[in-house]
$ cat input_9.cif   # mmCIF, C-alpha atoms
data_structure
#
loop_
_atom_site.group_PDB
_atom_site.id
_atom_site.type_symbol
_atom_site.label_atom_id
_atom_site.label_comp_id
_atom_site.auth_asym_id
_atom_site.auth_seq_id
_atom_site.Cartn_x
_atom_site.Cartn_y
_atom_site.Cartn_z
ATOM 1 C CA MET A 4 38.149 60.482 24.728
ATOM 2 C CA GLN A 5 36.005 59.240 21.893
ATOM 3 C CA ASN A 6 32.706 60.658 20.947
ATOM 4 C CA ASN A 7 30.591 57.586 20.063
ATOM 5 C CA PRO A 8 26.888 58.079 19.575
ATOM 6 C CA PRO A 9 24.684 55.578 21.384
ATOM 7 C CA VAL A 10 24.007 52.472 19.283
ATOM 8 C CA GLU A 11 20.413 51.579 18.896
ATOM 9 C CA SER A 12 19.024 48.063 18.690
ATOM 10 C CA ASP A 13 18.746 46.402 15.254
ATOM 11 C CA ALA A 14 15.206 45.310 15.968
ATOM 12 C CA PRO A 15 12.703 47.027 13.670
ATOM 13 C CA THR A 16 10.261 49.342 15.314
ATOM 14 C CA TRP A 17 7.538 49.523 12.718
ATOM 15 C CA PRO A 18 4.392 47.366 13.033
ATOM 16 C CA ALA A 19 4.819 45.463 9.750
ATOM 17 C CA HIS A 20 7.731 43.551 11.229
ATOM 18 C CA ALA A 21 6.234 42.739 14.573
ATOM 19 C CA PRO A 22 6.603 39.025 15.460
ATOM 20 C CA PRO A 23 3.427 37.077 14.812
ATOM 21 C CA SER A 24 1.417 36.272 17.853
ATOM 22 C CA PRO A 25 0.317 32.644 18.257
ATOM 23 C CA GLN A 26 -3.203 32.053 17.014
ATOM 24 C CA PRO A 27 -5.519 29.920 19.109
ATOM 25 C CA TYR A 28 -6.761 26.708 17.460
ATOM 26 C CA ALA A 29 -10.326 26.744 16.248
ATOM 27 C CA GLN A 30 -10.994 23.334 17.783
ATOM 28 C CA PRO A 31 -9.233 21.715 20.668
ATOM 29 C CA TYR A 32 -7.042 18.698 20.003
ATOM 30 C CA PRO A 33 -8.994 15.454 19.654
ATOM 31 C CA PRO A 34 -9.049 13.305 22.776
ATOM 32 C CA ALA A 35 -6.319 10.687 23.040
ATOM 33 C CA ASP A 36 -8.734 7.747 22.663
ATOM 34 C CA ALA A 37 -10.407 9.153 19.516
ATOM 35 C CA GLN A 38 -9.296 7.770 16.156
ATOM 36 C CA PRO A 39 -9.433 10.523 13.541
ATOM 37 C CA TYR A 40 -8.672 8.106 10.688
ATOM 38 C CA PRO A 41 -10.017 4.605 10.168
ATOM 39 C CA GLN A 42 -7.486 1.972 11.128
ATOM 40 C CA PRO A 43 -6.423 -0.459 8.374
ATOM 41 C CA ARG A 44 -7.419 -4.076 8.686
ATOM 42 C CA PRO A 45 -4.592 -6.385 9.625
ATOM 43 C CA VAL A 46 -3.095 -8.329 6.746
ATOM 44 C CA PRO A 47 -2.795 -12.056 7.361
ATOM 45 C CA MET A 48 0.842 -13.076 7.519
ATOM 46 C CA ARG A 49 2.148 -16.139 5.744
ATOM 47 C CA ALA A 50 4.903 -18.170 7.230
ATOM 48 C CA PRO A 51 8.227 -17.363 5.579
ATOM 49 C CA PRO A 52 9.608 -20.084 3.345
ATOM 50 C CA SER A 53 12.197 -22.369 4.808
ATOM 51 C CA ARG A 54 15.851 -21.565 4.313
ATOM 52 C CA GLY A 55 16.334 -24.306 1.732
ATOM 53 C CA ALA A 56 13.342 -23.076 -0.282
ATOM 54 C CA ARG A 57 14.639 -19.505 -0.166
ATOM 55 C CA ARG A 58 18.072 -20.576 -1.334
ATOM 56 C CA SER A 59 16.732 -22.594 -4.253
ATOM 57 C CA THR A 60 14.380 -19.758 -5.252
ATOM 58 C CA PHE A 61 17.266 -17.298 -5.105
ATOM 59 C CA GLN A 62 19.445 -19.563 -7.222
ATOM 60 C CA ALA A 63 16.637 -20.102 -9.743
ATOM 61 C CA ASP A 64 16.208 -16.331 -10.013
ATOM 62 C CA ARG A 65 19.938 -15.862 -10.576
ATOM 63 C CA VAL A 66 20.021 -18.577 -13.237
ATOM 64 C CA ALA A 67 16.970 -17.102 -14.974
ATOM 65 C CA ARG A 68 18.426 -13.584 -14.974
ATOM 66 C CA ALA A 69 21.747 -14.868 -16.274
ATOM 67 C CA LEU A 70 19.956 -16.790 -19.030
ATOM 68 C CA ILE A 71 17.963 -13.697 -20.017
ATOM 69 C CA GLN A 72 21.155 -11.624 -20.141
ATOM 70 C CA LEU A 73 22.844 -14.280 -22.252
ATOM 71 C CA ILE A 74 19.912 -14.296 -24.703
ATOM 72 C CA SER A 75 20.027 -10.483 -24.898
ATOM 73 C CA LEU A 76 23.777 -10.499 -25.504
ATOM 74 C CA ALA A 77 23.554 -13.121 -28.256
ATOM 75 C CA LEU A 78 20.697 -11.239 -29.919
ATOM 76 C CA GLY A 79 22.623 -7.956 -29.759
ATOM 77 C CA ILE A 80 25.693 -9.470 -31.378
ATOM 78 C CA LEU A 81 23.681 -11.234 -34.092
ATOM 79 C CA GLU A 82 21.567 -8.175 -34.902
ATOM 80 C CA SER A 83 24.704 -6.013 -35.081
ATOM 81 C CA LEU A 84 26.362 -8.392 -37.521
ATOM 82 C CA LEU A 85 23.222 -8.589 -39.652
ATOM 83 C CA LEU A 86 22.987 -4.796 -39.692
ATOM 84 C CA VAL A 87 26.624 -4.542 -40.799
ATOM 85 C CA ARG A 88 25.836 -7.081 -43.549
ATOM 86 C CA ILE A 89 22.896 -4.968 -44.753
ATOM 87 C CA VAL A 90 25.017 -1.797 -44.793
ATOM 88 C CA LEU A 91 27.888 -3.508 -46.633
ATOM 89 C CA LEU A 92 25.517 -4.794 -49.323
ATOM 90 C CA LEU A 93 23.819 -1.399 -49.614
ATOM 91 C CA LEU A 94 27.164 0.316 -50.100
ATOM 92 C CA ALA A 95 28.290 -2.370 -52.576
ATOM 93 C CA ALA A 96 31.332 -3.325 -50.531
ATOM 94 C CA SER A 97 33.803 -5.677 -52.177
ATOM 95 C CA PRO A 98 33.132 -9.265 -51.084
ATOM 96 C CA ASN A 99 36.852 -9.979 -51.483
ATOM 97 C CA ALA A 100 37.843 -7.611 -48.660
ATOM 98 C CA GLY A 101 38.743 -9.374 -45.410
ATOM 99 C CA PHE A 102 36.141 -7.653 -43.235
ATOM 100 C CA SER A 103 33.347 -8.107 -45.764
ATOM 101 C CA ARG A 104 34.266 -11.768 -46.225
ATOM 102 C CA PHE A 105 34.219 -12.268 -42.424
ATOM 103 C CA VAL A 106 30.795 -10.603 -41.985
ATOM 104 C CA TYR A 107 29.264 -12.455 -44.945
ATOM 105 C CA GLY A 108 30.690 -15.773 -43.748
ATOM 106 C CA VAL A 109 29.449 -15.402 -40.160
ATOM 107 C CA THR A 110 25.980 -14.186 -41.092
ATOM 108 C CA ALA A 111 25.394 -16.520 -44.042
ATOM 109 C CA GLN A 112 24.114 -19.376 -41.878
ATOM 110 C CA PHE A 113 21.703 -17.052 -40.057
ATOM 111 C CA VAL A 114 20.314 -15.535 -43.265
ATOM 112 C CA ALA A 115 20.130 -18.845 -45.200
ATOM 113 C CA PRO A 116 16.661 -19.899 -43.900
ATOM 114 C CA PHE A 117 15.220 -16.637 -45.204
ATOM 115 C CA GLN A 118 16.839 -16.629 -48.661
ATOM 116 C CA GLY A 119 14.246 -16.831 -51.401
ATOM 117 C CA VAL A 120 11.348 -15.442 -49.363
ATOM 118 C CA PHE A 121 11.518 -12.325 -51.516
ATOM 119 C CA PRO A 122 12.115 -13.552 -55.087
ATOM 120 C CA ASN A 123 13.292 -10.292 -56.678
ATOM 121 C CA PRO A 124 16.073 -8.596 -54.683
ATOM 122 C CA PHE A 125 16.167 -4.830 -54.930
ATOM 123 C CA SER A 126 19.391 -3.753 -56.687
ATOM 124 C CA LEU A 127 20.576 -0.426 -57.971
ATOM 125 C CA GLY A 128 24.007 -0.090 -59.552
ATOM 126 C CA GLY A 129 25.678 -2.820 -57.524
ATOM 127 C CA ALA A 130 24.014 -1.825 -54.246
ATOM 128 C CA THR A 131 21.639 -4.513 -53.001
ATOM 129 C CA LEU A 132 19.028 -4.352 -50.274
ATOM 130 C CA ASP A 133 19.257 -7.659 -48.411
ATOM 131 C CA GLU A 134 15.595 -8.284 -47.567
ATOM 132 C CA ALA A 135 16.447 -11.733 -46.205
ATOM 133 C CA ALA A 136 18.755 -10.181 -43.584
ATOM 134 C CA ILE A 137 16.062 -7.675 -42.596
ATOM 135 C CA LEU A 138 13.532 -10.474 -42.219
ATOM 136 C CA ALA A 139 16.088 -12.500 -40.244
ATOM 137 C CA MET A 140 16.605 -9.573 -37.846
ATOM 138 C CA ILE A 141 12.868 -9.312 -37.234
ATOM 139 C CA VAL A 142 12.340 -13.047 -36.757
ATOM 140 C CA TYR A 143 15.346 -13.464 -34.448
ATOM 141 C CA ALA A 144 14.269 -10.475 -32.343
ATOM 142 C CA LEU A 145 10.768 -11.943 -31.954
ATOM 143 C CA ALA A 146 12.179 -15.380 -31.141
ATOM 144 C CA ALA A 147 14.493 -13.925 -28.492
ATOM 145 C CA ARG A 148 11.616 -11.973 -26.978
ATOM 146 C CA LEU A 149 9.466 -15.101 -26.767
ATOM 147 C CA LEU A 150 12.355 -17.084 -25.305
ATOM 148 C CA LYS A 151 12.954 -14.460 -22.604
ATOM 149 C CA MET A 152 9.244 -14.440 -21.757
ATOM 150 C CA ALA A 153 9.288 -18.224 -21.448
ATOM 151 C CA VAL A 154 12.286 -18.082 -19.093
ATOM 152 C CA ARG A 155 10.504 -15.480 -16.957
ATOM 153 C CA MET A 156 7.345 -17.576 -16.820
ATOM 154 C CA ILE A 157 9.217 -20.726 -15.878
ATOM 155 C CA SER A 158 11.212 -18.997 -13.140
ATOM 156 C CA HIS A 159 8.219 -16.927 -11.873
ATOM 157 C CA LEU A 160 10.075 -13.621 -12.056
#
$ encode --input "input_9.cif" --output "structure tokens"
Amino acid sequence: MQNNPPVESDAPTWPAHAPPSPQPYAQPYPPADAQPYPQPRPVPMRAPPSRGARRSTFQADRVARALIQLISLALGILESLLLVRIVLLLLAASPNAGFSRFVYGVTAQFVAPFQGVFPNPFSLGGATLDEAAILAMIVYALAARLLKMAVRMISHL
């Protein structure tokens, strides 16, 4: 025979842990027909565009977005090449090296319109700051921005 003491309940017996009693509401619920908040005015509905109009609008949006992405990609590639050109000239890289020759050859036609804008190039011991390439980067970035804005305006995005 086992001698087990009686097990008491786990419920606390002190008043601080007594379950809260429900509090009565200060005011009764509003009547069902009362409107506690003003109701919004109905918005006039327009007829949805026809299926053909929706399809052409969707296609115009897709074409416009694709054109904007293409402009951004071309600008990114051009600006990267111009930046590499600037760094190569600053570090006085050999123009006879294959990579340098490639970068100078590709970017030459993009920098050519800006050659001579700054008459005295900044040089220090063979290192040259290509101001024409910096100006070309700025002008091409602005032109791409304007072109993207024009595409957005035309397509009503």
$ resolve_selection --input "input_9.cif" --expression "the PyMOL selection byres ((chain A and resi 118-130) around 10)" --output "list in words"
Val90, Leu91, Leu92, Leu93, Leu94, Ala95, Ala96, Ala111, Phe113, Val114, Ala115, Pro116, Phe117, Thr131, Leu132, Asp133, Glu134, Ala135, Ala136, Leu138 and Ala139 of chain A
$ atom_distance --input "input_9.cif" --atom1 "atom CA of A:Arg155" --atom2 "atom CA of A:Ile74"
12.2 Å
$ residues_around --input "input_9.cif" --residues "A:Ile71" --least-positions-apart "5" --cutoff "10 Å" --atoms "all atoms listed in the file" --output "mmCIF file with C-alpha atoms, in the frame of the given file"
data_model
loop_
_atom_site.group_PDB
_atom_site.id
_atom_site.type_symbol
_atom_site.label_atom_id
_atom_site.label_comp_id
_atom_site.auth_asym_id
_atom_site.auth_seq_id
_atom_site.Cartn_x
_atom_site.Cartn_y
_atom_site.Cartn_z
ATOM 1 C CA ARG A 65 19.938 -15.862 -10.576
ATOM 2 C CA VAL A 66 20.021 -18.577 -13.237
ATOM 3 C CA LEU A 76 23.777 -10.499 -25.504
ATOM 4 C CA ALA A 77 23.554 -13.121 -28.256
ATOM 5 C CA ALA A 147 14.493 -13.925 -28.492
ATOM 6 C CA ARG A 148 11.616 -11.973 -26.978
ATOM 7 C CA LEU A 150 12.355 -17.084 -25.305
ATOM 8 C CA LYS A 151 12.954 -14.460 -22.604
ATOM 9 C CA MET A 152 9.244 -14.440 -21.757
ATOM 10 C CA ALA A 153 9.288 -18.224 -21.448
ATOM 11 C CA VAL A 154 12.286 -18.082 -19.093
ATOM 12 C CA ARG A 155 10.504 -15.480 -16.957
#
$ residues_near_point --input "input_9.cif" --point "(11.2, -20.9, -13.2)" --cutoff "9 Å" --atoms "only C-alpha atoms" --output "PyMOL selection string"
chain A and resi 60+63-64+67+153-160
$ atom_distance --input "input_9.cif" --atom1 "atom CA of A:Ile141" --atom2 "atom CA of A:Ser97"
26.0 Å
$ atom_distance --input "input_9.cif" --atom1 "atom CA of A:Pro98" --atom2 "atom CA of A:Val142"
25.5 Å
$ axis_aligned_box --input "input_9.cif" --around "stretch 89-96 of chain A" --padding-each-side "5 Å" --output "JSON"
{"center_x": 27.1, "center_y": -2.3, "center_z": -48.7, "size_x": 18.4, "size_y": 15.3, "size_z": 17.8}
$ closest_residue --input "input_9.cif" --among "A:Val87, A:Ser75, A:Val109, A:Phe102" --to "A:Leu149" --atoms "all atoms listed in the file"
A:Ser75
$ decode --input "input_9.cif" --residues "stretch 116-154 of chain A" --atoms "N, CA and C atoms" --output "tab-separated table (two decimals), in the first residue's frame"
chain	number	residue	atom	x	y	z
A	116	PRO	N	32.58	63.07	-80.42
A	116	PRO	CA	31.87	64.36	-80.47
A	116	PRO	C	32.27	65.32	-79.34
A	117	PHE	N	32.88	64.79	-78.31
A	117	PHE	CA	33.21	65.64	-77.15
A	117	PHE	C	34.69	65.98	-77.08
A	118	GLN	N	35.49	65.48	-78.02
A	118	GLN	CA	36.91	65.81	-78.05
A	118	GLN	C	37.07	67.29	-78.39
A	119	GLY	N	37.93	67.96	-77.68
A	119	GLY	CA	38.20	69.36	-77.94
A	119	GLY	C	37.33	70.31	-77.14
A	120	VAL	N	36.36	69.82	-76.40
A	120	VAL	CA	35.55	70.71	-75.56
A	120	VAL	C	36.42	71.32	-74.48
A	121	PHE	N	37.30	70.52	-73.92
A	121	PHE	CA	38.26	71.00	-72.93
A	121	PHE	C	39.62	71.04	-73.62
A	122	PRO	N	40.15	72.23	-73.91
A	122	PRO	CA	41.35	72.33	-74.75
A	122	PRO	C	42.61	71.78	-74.11
A	123	ASN	N	42.78	71.90	-72.82
A	123	ASN	CA	44.02	71.46	-72.17
A	123	ASN	C	43.74	70.23	-71.33
A	124	PRO	N	44.07	69.03	-71.83
A	124	PRO	CA	43.83	67.83	-71.02
A	124	PRO	C	44.75	67.81	-69.80
A	125	PHE	N	44.23	67.28	-68.73
A	125	PHE	CA	45.00	67.20	-67.49
A	125	PHE	C	45.86	65.95	-67.53
A	126	SER	N	47.19	66.13	-67.51
A	126	SER	CA	48.13	65.00	-67.56
A	126	SER	C	49.14	65.15	-66.43
A	127	LEU	N	49.55	63.99	-65.93
A	127	LEU	CA	50.56	63.98	-64.88
A	127	LEU	C	51.36	62.69	-65.02
A	128	GLY	N	52.54	62.80	-65.57
A	128	GLY	CA	53.44	61.65	-65.69
A	128	GLY	C	52.88	60.52	-66.52
A	129	GLY	N	52.24	60.79	-67.60
A	129	GLY	CA	51.69	59.75	-68.45
A	129	GLY	C	50.24	59.44	-68.17
A	130	ALA	N	49.78	59.73	-66.97
A	130	ALA	CA	48.37	59.52	-66.61
A	130	ALA	C	47.56	60.71	-67.11
A	131	THR	N	46.46	60.43	-67.79
A	131	THR	CA	45.64	61.49	-68.37
A	131	THR	C	44.22	61.35	-67.88
A	132	LEU	N	43.63	62.47	-67.50
A	132	LEU	CA	42.21	62.48	-67.15
A	132	LEU	C	41.44	62.80	-68.42
A	133	ASP	N	40.62	61.87	-68.86
A	133	ASP	CA	39.87	62.01	-70.11
A	133	ASP	C	38.57	62.76	-69.82
A	134	GLU	N	38.64	64.10	-69.89
A	134	GLU	CA	37.46	64.92	-69.61
A	134	GLU	C	36.37	64.70	-70.65
A	135	ALA	N	36.77	64.40	-71.89
A	135	ALA	CA	35.78	64.16	-72.94
A	135	ALA	C	34.94	62.93	-72.62
A	136	ALA	N	35.56	61.89	-72.07
A	136	ALA	CA	34.81	60.68	-71.71
A	136	ALA	C	33.88	60.95	-70.54
A	137	ILE	N	34.31	61.77	-69.60
A	137	ILE	CA	33.44	62.13	-68.47
A	137	ILE	C	32.24	62.92	-68.96
A	138	LEU	N	32.48	63.88	-69.83
A	138	LEU	CA	31.38	64.65	-70.41
A	138	LEU	C	30.46	63.75	-71.23
A	139	ALA	N	31.03	62.80	-71.97
A	139	ALA	CA	30.22	61.88	-72.75
A	139	ALA	C	29.32	61.04	-71.84
A	140	MET	N	29.85	60.59	-70.71
A	140	MET	CA	29.03	59.81	-69.77
A	140	MET	C	27.85	60.62	-69.27
A	141	ILE	N	28.09	61.88	-68.95
A	141	ILE	CA	27.01	62.74	-68.44
A	141	ILE	C	25.96	62.98	-69.52
A	142	VAL	N	26.41	63.32	-70.71
A	142	VAL	CA	25.47	63.64	-71.80
A	142	VAL	C	24.67	62.40	-72.19
A	143	TYR	N	25.31	61.24	-72.30
A	143	TYR	CA	24.59	60.03	-72.67
A	143	TYR	C	23.60	59.61	-71.58
A	144	ALA	N	23.95	59.80	-70.33
A	144	ALA	CA	23.02	59.48	-69.24
A	144	ALA	C	21.79	60.38	-69.30
A	145	LEU	N	22.01	61.69	-69.54
A	145	LEU	CA	20.88	62.61	-69.66
A	145	LEU	C	20.02	62.28	-70.88
A	146	ALA	N	20.66	61.95	-71.99
A	146	ALA	CA	19.91	61.61	-73.20
A	146	ALA	C	19.08	60.34	-73.00
A	147	ALA	N	19.65	59.35	-72.33
A	147	ALA	CA	18.90	58.12	-72.06
A	147	ALA	C	17.72	58.39	-71.13
A	148	ARG	N	17.94	59.24	-70.15
A	148	ARG	CA	16.85	59.59	-69.23
A	148	ARG	C	15.72	60.28	-69.97
A	149	LEU	N	16.05	61.22	-70.83
A	149	LEU	CA	15.02	61.92	-71.61
A	149	LEU	C	14.31	60.96	-72.56
A	150	LEU	N	15.04	60.05	-73.15
A	150	LEU	CA	14.45	59.08	-74.07
A	150	LEU	C	13.48	58.15	-73.33
A	151	LYS	N	13.86	57.70	-72.14
A	151	LYS	CA	12.96	56.86	-71.35
A	151	LYS	C	11.72	57.61	-70.93
A	152	MET	N	11.86	58.88	-70.57
A	152	MET	CA	10.69	59.69	-70.23
A	152	MET	C	9.77	59.86	-71.42
A	153	ALA	N	10.34	60.04	-72.61
A	153	ALA	CA	9.52	60.18	-73.81
A	153	ALA	C	8.75	58.89	-74.10
A	154	VAL	N	9.40	57.75	-73.93
A	154	VAL	CA	8.73	56.46	-74.14
A	154	VAL	C	7.59	56.30	-73.16
